[in-house]
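Engineer: Let me give you the structure first, and then I'll get to my questions.
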There are 4 protein chains.
Amino acid sequence: MKGKNSILEKNIVSPTKEILKEQYLKTRNSTVALCKYLKTEDYVAQPAMDVSPPKWHLGHTTWFFEYFILIGYADRYKEYNPSFAYFFNSYYESLGNRVFRGDRGNMTRPSVEEIYQYRSVVDEAIIMLLDSIPFPSGELSKLITIGINHEQQHQELLITDIKYILGHNPLYPSLFPQKQTTPPSINSLQGSAEEYLEVEEGLYEIGTSDTDNFSYDNERGKHKVYLHPFQFLNRLVTNGEYLDFIEDKGYQNFTFWLSEGWDWISRNQIEAPLYWHKMDNYWFYYTLTEGLTKINKNSPVTHISFFEADAYARWKNKRLLTEQEWESACLHYTPHPSNKNNFMESLTFEPRPRENENSLQLFGDCWEWTNSAYLPYPYYKREPGALGEYNGKFMINQMVLRGGSCATPVSHIRPTYRNFFQTEKRWQYTGIRLADSIS
Amino acid sequence: MKGKNSILEKNIVSPTKEILKEQYLKTRNSTVALCKYLKTEDYVAQPAMDVSPPKWHLGHTTWFFEYFILIGYADRYKEYNPSFAYFFNSYYESLGNRVFRGDRGNMTRPSVEEIYQYRSVVDEAIIMLLDSIPFPSGELSKLITIGINHEQQHQELLITDIKYILGHNPLYPSLFPQKQTTPPSINSLQGSAEEYLEVEEGLYEIGTSDTDNFSYDNERGKHKVYLHPFQFLNRLVTNGEYLDFIEDKGYQNFTFWLSEGWDWISRNQIEAPLYWHKMDNYWFYYTLTEGLTKINKNSPVTHISFFEADAYARWKNKRLLTEQEWESACLHYTPHPSNKNNFMESLTFEPRPRENENSLQLFGDCWEWTNSAYLPYPYYKREPGALGEYNGKFMINQMVLRGGSCATPVSHIRPTYRNFFQTEKRWQYTGIRLADSIS
Amino acid sequence: MKGKNSILEKNIVSPTKEILKEQYLKTRNSTVALCKYLKTEDYVAQPAMDVSPPKWHLGHTTWFFEYFILIGYADRYKEYNPSFAYFFNSYYESLGNRVFRGDRGNMTRPSVEEIYQYRSVVDEAIIMLLDSIPFPSGELSKLITIGINHEQQHQELLITDIKYILGHNPLYPSLFPQKQTTPPSINSLQGSAEEYLEVEEGLYEIGTSDTDNFSYDNERGKHKVYLHPFQFLNRLVTNGEYLDFIEDKGYQNFTFWLSEGWDWISRNQIEAPLYWHKMDNYWFYYTLTEGLTKINKNSPVTHISFFEADAYARWKNKRLLTEQEWESACLHYTPHPSNKNNFMESLTFEPRPRENENSLQLFGDCWEWTNSAYLPYPYYKREPGALGEYNGKFMINQMVLRGGSCATPVSHIRPTYRNFFQTEKRWQYTGIRLADSIS
Amino acid sequence: MKGKNSILEKNIVSPTKEILKEQYLKTRNSTVALCKYLKTEDYVAQPAMDVSPPKWHLGHTTWFFEYFILIGYADRYKEYNPSFAYFFNSYYESLGNRVFRGDRGNMTRPSVEEIYQYRSVVDEAIIMLLDSIPFPSGELSKLITIGINHEQQHQELLITDIKYILGHNPLYPSLFPQKQTTPPSINSLQGSAEEYLEVEEGLYEIGTSDTDNFSYDNERGKHKVYLHPFQFLNRLVTNGEYLDFIEDKGYQNFTFWLSEGWDWISRNQIEAPLYWHKMDNYWFYYTLTEGLTKINKNSPVTHISFFEADAYARWKNKRLLTEQEWESACLHYTPHPSNKNNFMESLTFEPRPRENENSLQLFGDCWEWTNSAYLPYPYYKREPGALGEYNGKFMINQMVLRGGSCATPVSHIRPTYRNFFQTEKRWQYTGIRLADSIS
């Protein structure tokens with residue numbers, strides 16, 4: 001598995017110093033590249049509690065390397081600016097006070113320029129640290145690898161937060177200097193016909209105990225689950241199909257909704273996915289590449305809450321997969337993400353219509369809401385210390401999503417990967433996979 | 001199983017007319033008996049959104065029988081008062097508009113007297129309906145049985161809501177005319193030593209497909225689950241043990257808490273279970289029998305949120321059971337609730353210390369928070385119509401509780417019974433069962 | 001002025017013991033009489049923050065006599081129940097902690113019966129105190145007189161709070177056992193034609209330095225004001241006239257509204273006075289005597305906020321009076337309230353159409369919103385002690401109302417009397433007097 | 001009065017074209033100058049509802065000229081960008097929809113650069129318009145003058161909003177590139193001794209009917225008021241004096257506070273003026289010139305709410321002036337603002353200690369809270385159209401402030417000028433003038 005290409009595919013656990021440096025620099029540079037077309041003003045705003053200012057992401061990911069690595073491992077490293085921990089700590093209670101989350105958008109200083117300066121200093125120090133040792137210890141290697149994975153998660157957030165900032169501006173600016181015309185190949189593609197794939201009843205193993213490749217603590221501990229027979233749709237639900245739900249008054253009929261979801265759409269007057277606007281009887285949506293544009297009916301529907309995914313499935317007389325079913329199906333049918341899937345690297349930042357018969361869209365395009373609550377696996381224990389706050393303390397009142405999206409770096413995802421969000425969240429690239437039990 | 005005693009033990013599915021009448025009247029009368037010592041004023045208040053005024057419970061349970069049965073099945077029955085549906089509908093969207101939940105306590109009319117009158121009229125009509133037919137149809141029988149089970153659920157809520165109303169009054173009045181001295185037997189009992197019982201790895205079956213006895217749709221569909229080996233405490237956690245957690249600064253140390261739980265205790269300045277008060281360095285709590293009294297260290301701790309149960313378990317380096325584990329363990333060790341358990345019928349309305357070596361306290365005393373989210377079983381489908389709103393639409397963002405409490409009627413509970421509440425709720429009699437994986 | 005009748009007309013400052021006793025008992029009994037037709041349940045509810053439960057008013061007015069008088073002046077008086085201060089203190093910071101205002105409706109105990117018992121004990125003790133002394137000292141006399149005036153204020157609140165409780169119940173019950181048919185004389189009366197009365201430019205004196213008759217500290221300190229010439233309408237604005245404003249889309253046109261008022265009606269979707277309901281294209285309102293009934297177009301419009309009074313006046317191209325103008329006009333035209341005015345004693349609890357040419361409706365019917373902020377008069381100083389909290393601390397962000405209403409006891413009102421409420425409040429009997437400057 | 005210097009002193013009503021151009025350009029350039037040291041990021045944030053992003057002020061003042069003048073008067077002017085009205089309308093209901101106020105800080109586009117571009121285009125068009133006509137009509141002249149005065153108001157808001165943005169950043173950056181050391185002259189100056197100046201009882205005239213010089217509609221209509229004798233402090237209250245109040249537990253003693261003020265400080269845990277921080281037992285405050293620095297005890301206290309000003313006065317057994325008293329005293333003692341007062345032009349952006357015996361500090365330094373509600377003068381009528389929304393619709397629940405501050409342009413202020421804010425606002429340069437009645 002290891003080798004030149006593996007850098008692109010996976011974050012392995014005990015890489016050589018060279019691979020580690022290459023992965024580190026690749027990830028760090030790729031973050032900066034995502035901000036290439038931002039105006040300085042765009043780095044500052046926080047239009048919703050969940051949406052962090054781009055400059056905060058740039059600082060926070062850097063602080064993560066500084067605090068978890070440089071301060072402990074780099075002997076002569078001098079903290080860049082002691083006040084930065086206050087600015088850039090996200091939620092680590094172990095690591096002291098921090099700016100109240102909702103105030104991130106009020107922090108006009110440190111400036112964007114200074115944060116880039118901070119990035120350079122930390123990058124240099126990390127490389128110098130690696131250069132100064134013959135071989136990274138397991139501990140150091142693990143921390144750097146976590147830092148890289150952590151930054152990849154923030155790359156995804158950076159994209160969705162930039163989309164939120166620009167997509168809620170009445171000018172609906174495209175991120176790119178020239179408004180891009182979507183390649184005709186994409187728009188002309190027909191979404192393929194519905195087909196359901198079956199999975200047999202029986203004992204399956206999910207989770208990972210792999211010691212060669214990186215994984216988060218929340219997916220660790222390979223264990224058995226018993227599944228009853230089920231089938232699942234061979235692709236994601238499309239905008240066109242979702243439009244049928246809207247036009248069938250799906251948002252006005254309580255029978256399709258969970259009680260909490262019904263309250264949520266009523267209170268917030270929600271009648272379509274996020275970024276959708278009805279103008280002169282046509283539906284448009286905002287995309288980073290095209291600004292405001294007519295919806296593509298063949299593309300997967302995205303930016304929907306769990307409540308909407310669940311209501312759509314009920315309207316179709318189907319259901320969502322559990323995460324155990326998703327993972328078992330994935331391992332059976334397409335166990336490896338590939339560069340052909342629609343990931344961050346394709347730079348379209350929108351899900352694409354299913355392009356060929358082989359792709360089940362299990363990886364990339366949209367995170368798929370499952371009907372599983374985010375809870376610990378059988379043998380899960382929190383790590384001690386600040387890293388113990390990474391995943392475990394969020395294991396309540398969130399639902400699991402699987403498969404990655406068009407904003408996920410390809411090397412970040414795998415079949416066992418567990419993402420999680422609250423049921424009303426929809427600023428991420430979330431989508432719908434239909435399923436049903438076989439009786 | 002059927003026969004004279006079964007009325008007390010279970011709500012069977014196809015009872016004879018006589019059994020149905022007996023069960024009906026027993027349940028209805030027992031609701032009224034719970035209100036015996038209330039003052040008229042006590043029937044009116046709603047001191048929290050979750051807490052309904054006692055007179056609302058009396059009206060709502062009656063309306064349930066009127067709307068689901070009399071209006072459809074009793075030919076010449078004339079609706080008691082058409083406006084009552086507006087007052088007494090709880091959450092059935094199918095059945096029209098209703099008083100906003102938070103306004104229940106503002107409705108001083110209809111008066112208590114009139115609601116009792118309403119109960120009599122409906123009771124008479126139900127009995128007349130049963131008397132008028134040779135044998136209740138399966139459909140009618142099912143509806144009456146659901147009505148009875150529904151009323152039993154409201155008996156439990158009636159007790160906990162009365163406790164909330166009186167327990168938040170600065171006079172801390174006992175419900176009973178004479179303040180009762182707790183029988184010495186209860187206070188002198190020592191909580192038994194900690195012992196852990198083991199359950200082996202393997203396939204288990206949970207849920208029910210029983211067609212003889214009543215069960216809710218949410219527990220139906222017997223199905224296989226694979227469990228890894230675990231052990232569980234042979235009793236509930238006591239007040240004395242929980243006090244150790246408090247005194248060890250458990251409420252001040254974020255490492256024991258889920259992130260959302262830590263926010264919740266911080267925002268609400270929570271430092272002990274509901275109803276606990278520290279006065280002159282002693283801990284007191286409010287009980288319905290004794291008013292404000294010193295806590296009994298041997299009694300199970302109760303009125304705690306899921307967050308507190310989970311934090312306590314983490315502090316003990318243990319965890320909670322999943323609902324699959326709980327049910328499998330229950331079926332293995334004590335598959336039947338018994339009159340010896342501490343249920344509503346004992347009229348103490350407080351959990352009691354474990355009284356003998358045989359009792360594992362799996363039934364009665366306190367509902368046990370599990371670490372399972374309330375989600376559908378593999379083959380679950382919502383029923384059509386208003387009854388479809390009974391359970392399914394709440395299957396999100398709640399956690400499962402098992403085993404019943406000191407406010408649950410004995411005939412209402414069974415090993416497969418799934419109760420559910422949001423993670424911060426604690427006005428019910430909730431408690432802690434410790435468990436751990438065996439590796 | 002003094003003499004037998006003065007008891008009815010005014011609360012004089014240094015009454016004899018007998019007059020004081022008579023006034024005391026008359027006031028206390030009249031409070032109880034107002035509750036004659038309440039059901040026990042009606043005493044408990046608090047459907048809005050401003051609305052106190054009737055039983056709270058009964059307790060609070062009693063506590064006022066107990067705390068300000070008995071505890072200081074009655075040697076052997078034993079506090080009825082030390083916890084009652086906690087229940088029945090309204091806002092006196094000087095007098096310790098108290099039930100949070102919004103929780104008054106959650107206090108089902110002490111019961112109504114016990115509060116009546118409390119009233120009896122305090123009444124007996126006050127009479128015994130007066131009987132035990134030859135002549136009440138100025139201090140004691142003043143305190144009892146304040147207590148009487150205080151209770152009169154709560155009589156008005158009792159009426160408006162009962163109206164709110166019953167008028168927000170979907171059954172819209174009349175307060176009285178038989179729904180009363182309004183005397184035909186009232187409905188047939190035509191509202192008189194608009195006529196404007198003039199007041200000349202010049203120096204006027206307002207406020208009082210009268211030492212014979214009771215007045216509140218907020219109206220004391222007679223002082224000069226210079227008024228420019230103005231005119232005012234000879235009666236209150238009627239429901240019929242207000243309906244014209246509604247039908248002219250007055251509530252939909254921002255130009256008539258203060259910015260804060262426009263926000264208030266938008267946020268609360270207000271389109272008519274409180275208690276108005278449009279059904280099948282007719283406007284109905286709730287009254288205590290008739291329940292839900294068609295509006296009487298000749299009656300003064302009432303239950304409107306300052307914002308609505310102000311917007312109506314602007315729509316009419318008129319304005320409200322200032323309190324200085326109101327008082328000067330009142331002193332000039334009708335300086336004395338009379339039993340012929342529509343006060344609490346008439347027991348209709350609704351404003352009436354202007355009945356004869358002599359009445360300007362300056363007294364009774366509706367409190368008239370002025371365009372004056374409630375601020376101190378030139379020489380105002382707060383009294384020390386708890387009584388200093390009676391008026392002065394509320395002198396901000398409220399507007400002055402003048403003239404009393406159909407819920408005000410006749411002996412409570414006078415030309416110098418200053419009532420005050422926040423601009424959005426409308427559960428009191430408030431109305432509109434139009435005016436304009438003469439240039 | 002007219003002449004070269006008058007441009008600096010006053011905004012006259014019918015200026016020549018040249019004077020108008022000069023005033024216009026002077027004002028517009030001075031706005032830009034205030035932003036000289038901002039970083040691009042500083043232009044974007046809105047850390048509180050009241051605080052607008054600097055770039056919004058730059059756009060809004062420009063839009064004001066474009067909409068009220070260019071679109072109506074400049075024949076061939078083409079609207080710069082039709083979407084800008086949506087961004088930059090503040091509160092004119094007459095002029096269509098607008099960005100929700102709280103979202104101003106989320107609008108990263110149009111960029112700062114584009115807004116400067118917009119300013120240039122509009123400036124050029126205004127000058128071209130003036131150049132194209134021989135003499136500006138009274139209407140045009142009036143509109144440009146209002147636009148200039150409007151922009152001056154936003155200059156003050158720009159300064160206070162910048163202070164809020166930087167002063168709430170944990171880095172506490174000074175606005176200026178080099179942290180400025182306050183000239184020793186300022187710090188060494190002793191606040192002068194307390195002296196009270198008297199004003200005699202009698203009839204006074206306030207307000208203006210001046211047709212030569214600009215004034216707002218809210219101050220127009222010269223009219224008589226009768227004042228009772230009073231005296232007022234010859235300077236503003238100092239930080240040192242206010243510290244005595246703090247140290248005497250002024251914030252912990254309800255007797256000094258209005259009820260609403262007491263709730264406000266309790267709810268917000270307020271214990272000192274805005275920008276004050278206690279560190280190691282010393283009091284520091286944030287200033288734009290020095291960043292975080294020790295408070296100067298001789299400087300006037302500023303950034304206090306009306307509640308605090310009122311409580312301080314009551315603690316001193318004094319009161320605030322009414323606006324009628326303030327204006328009469330001002331006209332009597334120092335009727336003209338002068339360049340020697342501490343206005344915006346001194347660029348210190350902080351109130352200064354009283355510097356010489358002649359200055360009463362009535363002008364500049366701090367806006368003085370009066371105890372007068374902001375209400376219409378006797379003959380006030382709202383103007384029709386959008387300009388009618390400028391002042392009149394805010395005449396409720398605000399208090400009047402007088403005299404201008406260290407952030408007010410000198411030519412903007414006059415004795416009749418009425419500023420107004422809600423009672424809890426304190427991000428403006430507000431201060432305290434003590435007064436008392438003479439009996």
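The way I read the labels, and the way they are meant: chains A, B, ... in the order of the structure tokens, residue 1 as the first residue of every chain, and ligand 1 as the first ligand shown, with later ones counted on from there.
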So that I can check the surroundings of C:Asp310, please list as a ChimeraX atom specification every protein, DNA and RNA residue that reaches within 12 Å of it, counting only C-alpha atoms and ignoring chain neighbours fewer than 3 positions away.

Structural biologist: /C:250,255-262,304-307,313-322,368-372,399,423-424,431-435 /D:393,395-396

Engineer: Print the selection's residues with N, CA, C and O atoms to a file, as a compact mmCIF listing (two decimals), in the first residue's frame.

Structural biologist:
# COMPACT_ATOMS: atom_id res chain seq x y z
N GLY C 250 -54.59 51.28 8.59
CA GLY C 250 -53.72 52.00 9.52
C GLY C 250 -52.62 51.14 10.09
O GLY C 250 -51.51 51.60 10.32
N THR C 255 -46.13 54.96 7.96
CA THR C 255 -45.99 56.42 8.16
C THR C 255 -46.71 56.92 9.41
O THR C 255 -46.39 57.97 9.93
N PHE C 256 -47.69 56.15 9.89
CA PHE C 256 -48.42 56.61 11.08
C PHE C 256 -47.72 56.23 12.38
O PHE C 256 -48.12 56.67 13.45
N TRP C 257 -46.71 55.41 12.30
CA TRP C 257 -46.19 54.77 13.50
C TRP C 257 -44.82 55.30 13.92
O TRP C 257 -43.99 55.65 13.09
N LEU C 258 -44.60 55.30 15.22
CA LEU C 258 -43.24 55.44 15.73
C LEU C 258 -42.46 54.20 15.30
O LEU C 258 -43.03 53.10 15.19
N SER C 259 -41.17 54.35 15.10
CA SER C 259 -40.35 53.24 14.63
C SER C 259 -40.48 52.03 15.56
O SER C 259 -40.67 50.90 15.12
N GLU C 260 -40.43 52.29 16.86
CA GLU C 260 -40.52 51.19 17.83
C GLU C 260 -41.92 50.56 17.82
O GLU C 260 -42.06 49.36 18.04
N GLY C 261 -42.92 51.35 17.57
CA GLY C 261 -44.28 50.85 17.48
C GLY C 261 -44.47 49.98 16.25
O GLY C 261 -45.12 48.93 16.29
N TRP C 262 -43.88 50.41 15.15
CA TRP C 262 -43.96 49.63 13.91
C TRP C 262 -43.30 48.27 14.07
O TRP C 262 -43.83 47.24 13.66
N ILE C 304 -55.72 49.55 24.12
CA ILE C 304 -54.77 49.88 23.06
C ILE C 304 -53.47 50.34 23.72
O ILE C 304 -53.46 50.91 24.80
N SER C 305 -52.39 50.10 23.04
CA SER C 305 -51.08 50.53 23.52
C SER C 305 -50.88 52.02 23.23
O SER C 305 -51.62 52.62 22.44
N PHE C 306 -49.87 52.61 23.86
CA PHE C 306 -49.50 53.98 23.51
C PHE C 306 -49.21 54.08 22.02
O PHE C 306 -49.59 55.05 21.37
N PHE C 307 -48.53 53.08 21.48
CA PHE C 307 -48.18 53.12 20.06
C PHE C 307 -49.43 53.27 19.18
O PHE C 307 -49.43 53.99 18.19
N ALA C 313 -53.80 58.98 16.34
CA ALA C 313 -53.81 60.45 16.35
C ALA C 313 -53.09 60.99 15.12
O ALA C 313 -53.54 61.95 14.48
N ARG C 314 -51.99 60.38 14.75
CA ARG C 314 -51.24 60.86 13.58
C ARG C 314 -52.05 60.64 12.29
O ARG C 314 -52.06 61.48 11.41
N TRP C 315 -52.73 59.51 12.25
CA TRP C 315 -53.61 59.23 11.10
C TRP C 315 -54.71 60.30 10.98
O TRP C 315 -55.07 60.72 9.89
N LYS C 316 -55.17 60.79 12.13
CA LYS C 316 -56.21 61.83 12.16
C LYS C 316 -55.61 63.22 11.99
O LYS C 316 -56.33 64.23 12.10
N ASN C 317 -54.30 63.26 11.81
CA ASN C 317 -53.60 64.54 11.76
C ASN C 317 -53.78 65.35 13.04
O ASN C 317 -53.85 66.57 13.02
N LYS C 318 -53.86 64.64 14.12
CA LYS C 318 -53.95 65.25 15.45
C LYS C 318 -52.81 64.72 16.31
O LYS C 318 -51.89 64.08 15.79
N ARG C 319 -52.86 65.04 17.59
CA ARG C 319 -51.86 64.49 18.50
C ARG C 319 -52.51 64.18 19.85
O ARG C 319 -53.69 64.47 20.04
N LEU C 320 -51.75 63.58 20.77
CA LEU C 320 -52.24 63.39 22.13
C LEU C 320 -51.93 64.63 22.95
O LEU C 320 -51.10 65.46 22.56
N LEU C 321 -52.60 64.77 24.07
CA LEU C 321 -52.26 65.86 25.00
C LEU C 321 -50.97 65.52 25.76
O LEU C 321 -50.65 64.35 25.94
N THR C 322 -50.27 66.55 26.21
CA THR C 322 -49.25 66.30 27.24
C THR C 322 -49.97 66.21 28.58
O THR C 322 -51.13 66.63 28.70
N GLU C 368 -56.34 57.82 29.81
CA GLU C 368 -55.99 58.49 28.56
C GLU C 368 -54.47 58.57 28.43
O GLU C 368 -53.79 59.18 29.24
N TRP C 369 -53.95 57.93 27.39
CA TRP C 369 -52.51 58.03 27.13
C TRP C 369 -52.17 59.49 26.84
O TRP C 369 -52.80 60.13 26.00
N THR C 370 -51.17 60.04 27.52
CA THR C 370 -50.66 61.37 27.15
C THR C 370 -49.34 61.18 26.41
O THR C 370 -48.76 60.10 26.43
N ASN C 371 -48.90 62.23 25.78
CA ASN C 371 -47.58 62.17 25.14
C ASN C 371 -46.49 62.68 26.07
O ASN C 371 -45.50 63.28 25.64
N SER C 372 -46.67 62.45 27.36
CA SER C 372 -45.64 62.85 28.34
C SER C 372 -44.99 61.62 28.93
O SER C 372 -45.68 60.67 29.33
N MET C 399 -45.02 56.04 29.88
CA MET C 399 -45.76 57.23 29.52
C MET C 399 -46.89 57.44 30.53
O MET C 399 -47.42 56.48 31.11
N THR C 423 -44.98 51.64 26.84
CA THR C 423 -45.68 52.01 25.61
C THR C 423 -46.39 50.86 24.91
O THR C 423 -47.25 51.10 24.07
N GLU C 424 -46.02 49.62 25.20
CA GLU C 424 -46.67 48.51 24.49
C GLU C 424 -47.76 47.84 25.33
O GLU C 424 -48.42 46.92 24.86
N GLY C 431 -57.31 54.42 26.63
CA GLY C 431 -58.06 55.00 25.52
C GLY C 431 -57.37 56.22 24.92
O GLY C 431 -56.23 56.54 25.28
N ILE C 432 -58.07 56.87 24.01
CA ILE C 432 -57.47 57.97 23.23
C ILE C 432 -58.26 59.26 23.37
O ILE C 432 -59.48 59.30 23.14
N ARG C 433 -57.56 60.32 23.72
CA ARG C 433 -58.10 61.68 23.69
C ARG C 433 -57.30 62.45 22.63
O ARG C 433 -56.08 62.60 22.75
N LEU C 434 -57.96 62.93 21.61
CA LEU C 434 -57.27 63.70 20.56
C LEU C 434 -57.08 65.16 20.96
O LEU C 434 -57.88 65.73 21.71
N ALA C 435 -56.03 65.76 20.43
CA ALA C 435 -55.77 67.17 20.71
C ALA C 435 -54.98 67.75 19.55
O ALA C 435 -54.54 67.04 18.65
N LYS D 393 -39.78 59.67 13.99
CA LYS D 393 -40.26 58.34 14.34
C LYS D 393 -39.48 57.70 15.50
O LYS D 393 -39.83 56.61 15.93
N MET D 395 -39.12 59.37 18.41
CA MET D 395 -39.43 60.16 19.60
C MET D 395 -40.19 59.36 20.64
O MET D 395 -41.33 59.70 20.99
N ILE D 396 -39.58 58.32 21.16
CA ILE D 396 -40.19 57.52 22.23
C ILE D 396 -39.10 56.69 22.90
O ILE D 396 -38.19 56.18 22.24

Engineer: Please list as number ranges by chain every residue within 9 Å of B:Pro273, counting only C-alpha atoms and excluding residues in the same chain fewer than 6 positions away.

Structural biologist: B: 301-305, 308, 426

Engineer: One decimal, Å: what's the distance from atom CA of C:Trp326 over to atom CA of C:Asn342, could you say?

Structural biologist: 18.8 Å

Engineer: What gap, in Å, lies between atom CA of D:Ser411 and atom CA of D:Tyr67?

Structural biologist: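 Those two atoms sit 24.3 Å apart.
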
Engineer: For the structure I just gave you, how does DSSP split stretch 390-435 of chain B - specifically, which residues are strand (DSSP E or B)? Reply as a PyMOL selection string.

Structural biologist: chain B and resi 399-402+419-421+430-431+435

Engineer: Output the contact residues of chain B with respect to chain C at a cut-off of 10 Å, based on only C-alpha atoms, as a ChimeraX atom specification.

Structural biologist: /B:39-48,83-84,86-87,99,102-112,165-166,168-173

Engineer: What is the distance, in Å and to one decimal place, between atom CA of A:Arg235 and atom CA of A:Tyr312?

Structural biologist: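 So the two atoms, atom CA of A:Arg235 and atom CA of A:Tyr312, lie 15.1 Å apart.
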
Engineer: Quick one: everything within 10 Å of stretch 269-272 of chain A, counting only C-alpha atoms, minus sequence neighbours fewer than 4 positions away in the same chain. Send it as a short mmCIF file (atom, residue, chain, number, x, y, z; two decimals) with N, CA, C and O atoms, in the first residue's frame.

Structural biologist:
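Wrote it out as result01.cif, contents follow:
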data_model
loop_
_atom_site.label_atom_id
_atom_site.label_comp_id
_atom_site.auth_asym_id
_atom_site.auth_seq_id
_atom_site.Cartn_x
_atom_site.Cartn_y
_atom_site.Cartn_z
N TYR A 242 -35.87 15.46 -5.84
CA TYR A 242 -36.23 16.22 -4.64
C TYR A 242 -37.27 17.28 -4.97
O TYR A 242 -38.15 17.59 -4.16
N LEU A 243 -37.18 17.82 -6.15
CA LEU A 243 -38.16 18.81 -6.61
C LEU A 243 -39.56 18.20 -6.64
O LEU A 243 -40.55 18.87 -6.33
N PHE A 245 -40.67 16.06 -4.60
CA PHE A 245 -41.10 16.10 -3.19
C PHE A 245 -41.63 17.50 -2.83
O PHE A 245 -42.69 17.65 -2.23
N ILE A 246 -40.88 18.53 -3.24
CA ILE A 246 -41.31 19.90 -2.98
C ILE A 246 -42.65 20.17 -3.65
O ILE A 246 -43.57 20.72 -3.03
N LYS A 249 -45.89 19.06 -2.23
CA LYS A 249 -46.18 19.69 -0.93
C LYS A 249 -45.55 18.94 0.23
O LYS A 249 -46.10 18.89 1.33
N GLY A 250 -44.41 18.34 -0.04
CA GLY A 250 -43.73 17.60 1.02
C GLY A 250 -43.42 18.44 2.25
O GLY A 250 -43.48 17.95 3.37
N TYR A 251 -43.11 19.71 2.04
CA TYR A 251 -42.78 20.59 3.18
C TYR A 251 -44.04 21.06 3.92
O TYR A 251 -43.93 21.71 4.95
N GLN A 252 -45.21 20.78 3.33
CA GLN A 252 -46.45 21.26 3.98
C GLN A 252 -47.24 20.12 4.62
O GLN A 252 -48.29 20.35 5.20
N TRP A 262 -40.62 18.88 11.97
CA TRP A 262 -41.80 19.68 11.61
C TRP A 262 -41.76 21.03 12.32
O TRP A 262 -42.03 22.08 11.74
N ASP A 263 -41.41 20.99 13.60
CA ASP A 263 -41.25 22.25 14.34
C ASP A 263 -40.17 23.11 13.71
O ASP A 263 -40.32 24.33 13.59
N TRP A 264 -39.10 22.46 13.32
CA TRP A 264 -37.95 23.19 12.78
C TRP A 264 -38.30 23.88 11.46
O TRP A 264 -38.01 25.05 11.27
N ILE A 265 -38.94 23.17 10.53
CA ILE A 265 -39.29 23.83 9.26
C ILE A 265 -40.37 24.89 9.47
O ILE A 265 -40.37 25.92 8.81
N TRP A 276 -31.28 27.41 -2.12
CA TRP A 276 -32.27 27.41 -3.19
C TRP A 276 -33.11 28.69 -3.13
O TRP A 276 -33.50 29.14 -2.06
N HIS A 277 -33.41 29.28 -4.28
CA HIS A 277 -34.27 30.47 -4.37
C HIS A 277 -35.24 30.29 -5.52
O HIS A 277 -34.84 29.93 -6.62
N LYS A 278 -36.49 30.56 -5.26
CA LYS A 278 -37.47 30.47 -6.35
C LYS A 278 -37.66 31.88 -6.92
O LYS A 278 -38.00 32.82 -6.21
N TRP A 283 -36.51 27.45 -10.09
CA TRP A 283 -35.63 27.27 -8.93
C TRP A 283 -34.18 27.50 -9.35
O TRP A 283 -33.69 26.88 -10.28
N HIS A 303 -27.06 20.11 0.70
CA HIS A 303 -27.40 21.15 1.68
C HIS A 303 -28.80 20.94 2.24
O HIS A 303 -29.61 21.86 2.28
N ILE A 304 -29.04 19.72 2.68
CA ILE A 304 -30.30 19.41 3.35
C ILE A 304 -29.99 18.90 4.75
O ILE A 304 -28.93 18.32 5.01
N GLU A 308 -34.77 16.77 6.59
CA GLU A 308 -35.24 16.76 5.21
C GLU A 308 -34.94 15.42 4.53
O GLU A 308 -35.77 14.88 3.79
#
